[in-house]
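Visitor: Pasting a structure below so you can have a look.
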Amino acid sequence: MLKRTFGLGIIVLLVLAMLSGCGQKEAKEIRIGVFEPMTGASAAGGQMTWEGIQLANELYPEVLGKKVVLYLEDNKTDKNEAANAVTRLIEQKKVVAIIGSYGSGLSMAAGPIVMKNKIPTVGCSPTNPLVTKDNPYYFRVCFIDPFQGKVMAKYAYNDLKARTAVIIRDVQDPYAVGLAEYFKKAFVELTGNPDSILAELEYNTGDQDFTAQLNTAAAKKPDVIFAPGAYGDAAIMIRQARQMKITCPFLGGDTWEAPEFIQIGGEAVEGAAFSTHYSAQAPGTEAAKQFVEAYRKKYNKEPNAFAALGFDAYCLILDAIKRAGKAEPEAIREALAATKNFKGVTGTITLDENGDANKSAVILQVKNGKFVYLTTVEPD
C-alpha cells in the first residue's frame with residue numbers, strides 16, 4: 001500500500017512539473033496572429049505582406065526578453081474566411097495582437113470580431129476609411145483612400161494635364177468603390193467642372209471581358225481612365241483596352257503593385273501609373289535603408305510596398321509592447337493609440353484619433369516591364 005501511495009505521489013509530482021514547465025514556456029512567448037490572403041484572388045498581396053512580416057520577426061525575434069511567435073491564418077481572399085481566421089487566432093492560438101489584412105473588405109469583415117474580443121489589430125494595407133471607423137481596436141500603418149484618391153487626381157490634373165476622366169471600378173470591392181469616389185471628388189474640385197467625370201462604369205470581381213465598359217469609355221474620349229481594383233482584373237482590362245486601340249493613360253491604386261500586374265498585362269500596361277506606400281528606389285528613413293538591404297539578402301529580389309507595410313506593422317506592435325511594458329492586449333491597444341513619430345520603413349508614422357497613419361504616398365509607373373519611382377506626395 002505504501003509503495004502504491006508513493007508511486008501515485010511521484011506521478012502527481014511529475015504532472016505538476018510538466019504543467020509548471022508548460023506555464024514557463026508560455027510565459028516566455030508572445031503570440032502575434034497574422035491573417036492574410038495566401039490563396040485566392042489577392043494571394044500575391046498576402047504573400048508579399050507575409051514576406052515582410054517574417055523578415056521583421058527574424059530581425060526582431062524578441063521583445064521584453066520574450067520570444068515572439070507568429071501564427072498565420074489564410075483568409076483565402078474571402079470575407080467569411082477572414083472572420084473565421086481571426087476567430088481561430090483569438091480562441092485557439094490565444095494571440096495578444098493581430099496583423100492584417102491585405103484587402104479592405106477582408107479587414108472590415110474581421111473588425112467586429114477583434115473589437116468584441118478586445119484584441120488590438122494593425123492593418124498593413126487596407127485603405128478604406130471604414131476599416132478603423134468606430135473601432136478602437138483597429139489601427140493601420142498605411143494612408144487611407146481619401147488621401148490616395150486626391151494623390152491620383154492631382155497627378156492626373158497636374159502631371160498629365162488631364163481635364164476629363166472615366167472611372168471603371170469593381171462594384172463588389174469596398175476598396176475600389178471608395179477609392180473611385182475619392183478620386184472623383186478631388187478631380188472635380190481640381191478641374192472646377194462638375195462634368196469632368198464623363199462616366200462611372202462598373203464590373204464584378206473576376207470578370208474577364210471588359211468590352212462593354214471600354215466601348216463606353218472610348219466613346220467619351222477621356223484624357224485618363226481611373227480603374228482601381230485588383231491587379232489581375234486591371235491588367236486584363238488594360239490589355240483589352242490596348243487591343244481596342246484605346247491609348248489614354250490608365251491610373252490606379254496601390255493594389256496594382258504586384259509582379260502579376262505586369263506578368264498578366266505585358267506590354268499593354270507600360271505607362272500605367274498608381275499610388276502606393278513605399279519605393280525601394282526612394283528609401284526615406286534609416287529603417288528603410290536597412291530593410292532594403294535585409295530584404296534583398298533574404299529574398300534575392302527588390303522589396304515592394306506590401307512587404308514594407310508588413311514589416312512596419314510587426315515593428316509597430318513590438319514598439320507598442322515595449323512602451324506598454326507588458327504584452328497584454330489592452331495595454332498594447334493603449335500604446336498603439338498613443339503612437340507618434342514612429343520611424344518606419346514606409347515613413348514616419350503618427351496615428352490619429354481613428355488609428356489611421358498620417359504619412360506620404362509615392363507614385364510608381366510601369367516602364368520597361370518594371371515599377372519605376374516617379375515622385376513622393378506629402379499629405380496636406
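Ligands are numbered from 1 in the order shown, chains are lettered A, B, ... in the order of the C-alpha cells, and residues start at 1 in each chain.
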Give me every strand (DSSP E) residue in range 73-319 of chain A, going by DSSP on the backbone, as a VMD selection string.

Guide: chain A and resid 73 to 74 97 to 99 121 to 123 138 to 140 165 to 170 197 to 203 224 to 226 250 to 252 273 to 276

Visitor: Can I get the selected residues back with C-alpha atoms, as a PDB file, in the first residue's frame?

Guide:
```
ATOM      1  CA  GLU A  73      -4.083  32.014 -40.942  1.00  0.00           C
ATOM      2  CA  ASP A  74      -5.035  32.096 -44.629  1.00  0.00           C
ATOM      3  CA  ALA A  97      -2.315  41.177 -31.142  1.00  0.00           C
ATOM      4  CA  ILE A  98      -3.087  40.604 -34.816  1.00  0.00           C
ATOM      5  CA  ILE A  99      -1.674  41.832 -38.143  1.00  0.00           C
ATOM      6  CA  THR A 121      -5.123  44.665 -34.698  1.00  0.00           C
ATOM      7  CA  VAL A 122      -2.850  46.517 -37.109  1.00  0.00           C
ATOM      8  CA  GLY A 123      -3.691  46.580 -40.807  1.00  0.00           C
ATOM      9  CA  TYR A 138      -8.150  48.505 -35.270  1.00  0.00           C
ATOM     10  CA  PHE A 139      -5.147  50.520 -36.438  1.00  0.00           C
ATOM     11  CA  ARG A 140      -3.168  50.703 -39.678  1.00  0.00           C
ATOM     12  CA  ALA A 165     -11.710  61.212 -66.809  1.00  0.00           C
ATOM     13  CA  VAL A 166     -13.693  57.983 -66.905  1.00  0.00           C
ATOM     14  CA  ILE A 167     -13.877  55.758 -63.828  1.00  0.00           C
ATOM     15  CA  ILE A 168     -14.139  51.951 -64.154  1.00  0.00           C
ATOM     16  CA  ARG A 169     -14.481  50.295 -60.738  1.00  0.00           C
ATOM     17  CA  ASP A 170     -15.101  46.881 -59.203  1.00  0.00           C
ATOM     18  CA  ILE A 197     -16.012  62.735 -64.835  1.00  0.00           C
ATOM     19  CA  LEU A 198     -17.503  61.651 -68.139  1.00  0.00           C
ATOM     20  CA  ALA A 199     -18.737  58.236 -66.975  1.00  0.00           C
ATOM     21  CA  GLU A 200     -18.668  55.927 -63.946  1.00  0.00           C
ATOM     22  CA  LEU A 201     -18.642  52.315 -65.102  1.00  0.00           C
ATOM     23  CA  GLU A 202     -18.754  49.089 -63.112  1.00  0.00           C
ATOM     24  CA  TYR A 203     -17.662  45.465 -63.250  1.00  0.00           C
ATOM     25  CA  VAL A 224      -7.430  59.423 -68.437  1.00  0.00           C
ATOM     26  CA  ILE A 225      -9.153  56.276 -67.156  1.00  0.00           C
ATOM     27  CA  PHE A 226      -9.071  55.648 -63.414  1.00  0.00           C
ATOM     28  CA  PHE A 250      -4.661  54.231 -67.102  1.00  0.00           C
ATOM     29  CA  LEU A 251      -4.337  55.134 -63.428  1.00  0.00           C
ATOM     30  CA  GLY A 252      -4.961  53.011 -60.347  1.00  0.00           C
ATOM     31  CA  ALA A 273       0.722  54.695 -63.020  1.00  0.00           C
ATOM     32  CA  PHE A 274      -0.565  54.195 -59.492  1.00  0.00           C
ATOM     33  CA  SER A 275      -0.207  55.436 -55.934  1.00  0.00           C
ATOM     34  CA  THR A 276       1.427  53.261 -53.321  1.00  0.00           C
TER      35      THR A 276
END
```

Visitor: As a list in words, please: the residues near Asp352 in chain A (cut-off 9 Å, only C-alpha atoms, same-chain neighbours under 2 positions excluded).

Guide: Ala337, Ala338, Thr339, Lys340, Thr350, Asn354, Gly355, Asp356, Ala357 and Asn358 of chain A

Visitor: Write a file of the selected residues as a compact mmCIF listing (two decimals), in the first residue's frame, keeping N, CA and C atoms.

Guide:
```
# COMPACT_ATOMS: atom_id res chain seq x y z
N ALA A 337 -2.50 53.41 -29.70
CA ALA A 337 -3.29 54.63 -29.88
C ALA A 337 -2.46 55.89 -29.61
N ALA A 338 -1.42 55.74 -28.82
CA ALA A 338 -0.57 56.89 -28.47
C ALA A 338 0.64 57.03 -29.40
N THR A 339 0.72 56.27 -30.47
CA THR A 339 1.88 56.26 -31.36
C THR A 339 2.10 57.62 -32.01
N LYS A 340 3.32 58.13 -31.88
CA LYS A 340 3.70 59.39 -32.52
C LYS A 340 5.12 59.27 -33.05
N THR A 350 2.52 58.59 -37.44
CA THR A 350 1.77 59.07 -36.29
C THR A 350 0.33 58.64 -36.50
N ASN A 354 -8.43 58.12 -35.13
CA ASN A 354 -9.10 56.96 -35.72
C ASN A 354 -8.19 55.75 -35.85
N GLY A 355 -6.91 55.91 -35.49
CA GLY A 355 -5.96 54.82 -35.66
C GLY A 355 -5.36 54.77 -37.05
N ASP A 356 -5.51 55.87 -37.81
CA ASP A 356 -5.01 55.93 -39.18
C ASP A 356 -3.65 56.64 -39.22
N ALA A 357 -2.79 56.18 -40.13
CA ALA A 357 -1.45 56.76 -40.25
C ALA A 357 -1.48 58.01 -41.12
N ASN A 358 -0.85 59.05 -40.62
CA ASN A 358 -0.68 60.28 -41.38
C ASN A 358 0.71 60.23 -42.01
```

Visitor: Do you know which residues are at most 8 Å from range 233-235 of chain A counting only C-alpha atoms, after dropping those on the same chain fewer than 6 positions away, and could you put them as a PyMOL selection string?

Guide: chain A and resi 205-208+227+256+261-262+264-265+269

Visitor: Could you please take those selected residues and save N, CA and C atoms as a PDB file, in the first residue's frame?

Guide:
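The resulting file, again.pdb, is reproduced below:
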```pdb
ATOM      1  N   THR A 205     -15.889  41.556 -59.498  1.00  0.00           N
ATOM      2  CA  THR A 205     -14.625  40.877 -59.233  1.00  0.00           C
ATOM      3  C   THR A 205     -14.492  39.603 -60.053  1.00  0.00           C
ATOM      4  N   GLY A 206     -13.348  39.460 -60.727  1.00  0.00           N
ATOM      5  CA  GLY A 206     -13.092  38.255 -61.506  1.00  0.00           C
ATOM      6  C   GLY A 206     -13.600  38.289 -62.937  1.00  0.00           C
ATOM      7  N   ASP A 207     -14.245  39.377 -63.346  1.00  0.00           N
ATOM      8  CA  ASP A 207     -14.701  39.481 -64.741  1.00  0.00           C
ATOM      9  C   ASP A 207     -13.513  39.366 -65.694  1.00  0.00           C
ATOM     10  N   GLN A 208     -13.763  38.775 -66.842  1.00  0.00           N
ATOM     11  CA  GLN A 208     -12.712  38.585 -67.844  1.00  0.00           C
ATOM     12  C   GLN A 208     -12.927  39.405 -69.106  1.00  0.00           C
ATOM     13  N   ALA A 227      -8.990  53.291 -62.837  1.00  0.00           N
ATOM     14  CA  ALA A 227      -9.564  51.946 -62.702  1.00  0.00           C
ATOM     15  C   ALA A 227      -9.046  51.232 -61.457  1.00  0.00           C
ATOM     16  N   TRP A 256      -2.288  47.626 -57.484  1.00  0.00           N
ATOM     17  CA  TRP A 256      -1.607  47.283 -58.739  1.00  0.00           C
ATOM     18  C   TRP A 256      -0.162  46.850 -58.511  1.00  0.00           C
ATOM     19  N   PHE A 261       0.682  41.936 -62.015  1.00  0.00           N
ATOM     20  CA  PHE A 261       0.091  43.011 -62.824  1.00  0.00           C
ATOM     21  C   PHE A 261       0.844  43.145 -64.138  1.00  0.00           C
ATOM     22  N   ILE A 262       2.170  43.096 -64.072  1.00  0.00           N
ATOM     23  CA  ILE A 262       2.993  43.198 -65.271  1.00  0.00           C
ATOM     24  C   ILE A 262       3.002  41.881 -66.041  1.00  0.00           C
ATOM     25  N   ILE A 264       0.609  39.645 -66.249  1.00  0.00           N
ATOM     26  CA  ILE A 264      -0.665  39.478 -66.953  1.00  0.00           C
ATOM     27  C   ILE A 264      -0.835  40.523 -68.053  1.00  0.00           C
ATOM     28  N   GLY A 265      -0.475  41.754 -67.735  1.00  0.00           N
ATOM     29  CA  GLY A 265      -0.700  42.846 -68.675  1.00  0.00           C
ATOM     30  C   GLY A 265       0.324  42.937 -69.778  1.00  0.00           C
ATOM     31  N   VAL A 269       0.521  47.242 -70.213  1.00  0.00           N
ATOM     32  CA  VAL A 269       0.482  48.070 -69.012  1.00  0.00           C
ATOM     33  C   VAL A 269       1.659  49.041 -68.927  1.00  0.00           C
TER      34      VAL A 269
END
```

Visitor: Give me, please, the distance in Å between CA of Gly232 in chain A and CA of Pro259 in chain A, quoted to one decimal.

Guide: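 We find that CA of Gly232 in chain A and CA of Pro259 in chain A lie 10.1 Å from each other.
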
Visitor: CA of Gly45 in chain A to CA of Gly105 in chain A: how many Å, to one decimal?

Guide: 13.7 Å

Visitor: Excluding Lys161 in chain A and any residue of its chain fewer than 6 positions from it, enumerate the residues within 12 Å of it, using only C-alpha atoms, and give them as a ChimeraX atom specification.

Guide: /A:153-155,187,190-191,222-224,249

Visitor: Restrict the selected residues to C-alpha atoms and save them as a PDB file, in the first residue's frame.

Guide:
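File out_31.pdb, as written:
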```pdb
ATOM      1  CA  ALA A 153      -6.392  63.176 -59.023  1.00  0.00           C
ATOM      2  CA  LYS A 154      -3.535  65.661 -58.533  1.00  0.00           C
ATOM      3  CA  TYR A 155      -1.219  63.521 -60.634  1.00  0.00           C
ATOM      4  CA  PHE A 187     -10.746  65.597 -59.629  1.00  0.00           C
ATOM      5  CA  LEU A 190      -9.324  70.454 -59.236  1.00  0.00           C
ATOM      6  CA  THR A 191     -10.992  70.961 -62.614  1.00  0.00           C
ATOM      7  CA  PRO A 222     -11.425  60.876 -71.746  1.00  0.00           C
ATOM      8  CA  ASP A 223      -7.963  62.212 -71.001  1.00  0.00           C
ATOM      9  CA  VAL A 224      -7.430  59.423 -68.437  1.00  0.00           C
ATOM     10  CA  PRO A 249      -3.340  56.683 -69.705  1.00  0.00           C
TER      11      PRO A 249
END
```

Visitor: Please compute the CA of Lys220 in chain A-CA of Asp145 in chain A distance, one decimal, in Å.

Guide: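 Rounded to one decimal, the two atoms are 26.1 Å apart.
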
Visitor: List the neighbours of Cys315 in chain A out to 9 Å using only C-alpha atoms; skip same-chain residues closer than 3 positions along the sequence, and give me the result as a ChimeraX atom specification.

Guide: /A:53,56-57,60,310-312,318-320,344

Visitor: Next, dump the selected residues to file, keeping only N, CA and C atoms, as a CSV table (one decimal), in the first residue's frame.

Guide:
```csv
chain,number,residue,atom,x,y,z
A,53,ILE,N,6.5,40.6,-42.9
A,53,ILE,CA,6.3,40.2,-41.5
A,53,ILE,C,7.3,39.2,-41.0
A,56,ALA,N,10.7,40.8,-40.5
A,56,ALA,CA,10.7,41.6,-39.3
A,56,ALA,C,10.9,40.7,-38.1
A,57,ASN,N,10.2,39.5,-38.1
A,57,ASN,CA,10.3,38.6,-37.0
A,57,ASN,C,11.7,38.0,-36.9
A,60,TYR,N,13.9,40.9,-35.5
A,60,TYR,CA,13.5,41.3,-34.1
A,60,TYR,C,12.6,40.2,-33.5
A,310,GLY,N,4.0,45.2,-44.1
A,310,GLY,CA,4.0,44.1,-43.2
A,310,GLY,C,5.1,44.2,-42.2
A,311,PHE,N,6.3,44.6,-42.6
A,311,PHE,CA,7.4,44.9,-41.7
A,311,PHE,C,7.1,45.9,-40.7
A,312,ASP,N,6.5,47.0,-41.2
A,312,ASP,CA,6.2,48.1,-40.3
A,312,ASP,C,5.1,47.8,-39.3
A,318,LEU,N,5.6,45.6,-31.8
A,318,LEU,CA,6.7,45.4,-30.9
A,318,LEU,C,7.0,46.7,-30.1
A,319,ASP,N,7.0,47.8,-30.9
A,319,ASP,CA,7.2,49.1,-30.2
A,319,ASP,C,6.2,49.4,-29.2
A,320,ALA,N,4.9,49.1,-29.5
A,320,ALA,CA,3.8,49.4,-28.5
A,320,ALA,C,4.0,48.5,-27.3
A,344,GLY,N,9.3,54.3,-39.4
A,344,GLY,CA,9.1,53.0,-40.0
A,344,GLY,C,9.8,53.0,-41.4
```

Visitor: Mind listing the alpha helix (DSSP H) residues of range 260-323 of chain A, per DSSP on the backbone, as a count of residues only?

Guide: 39
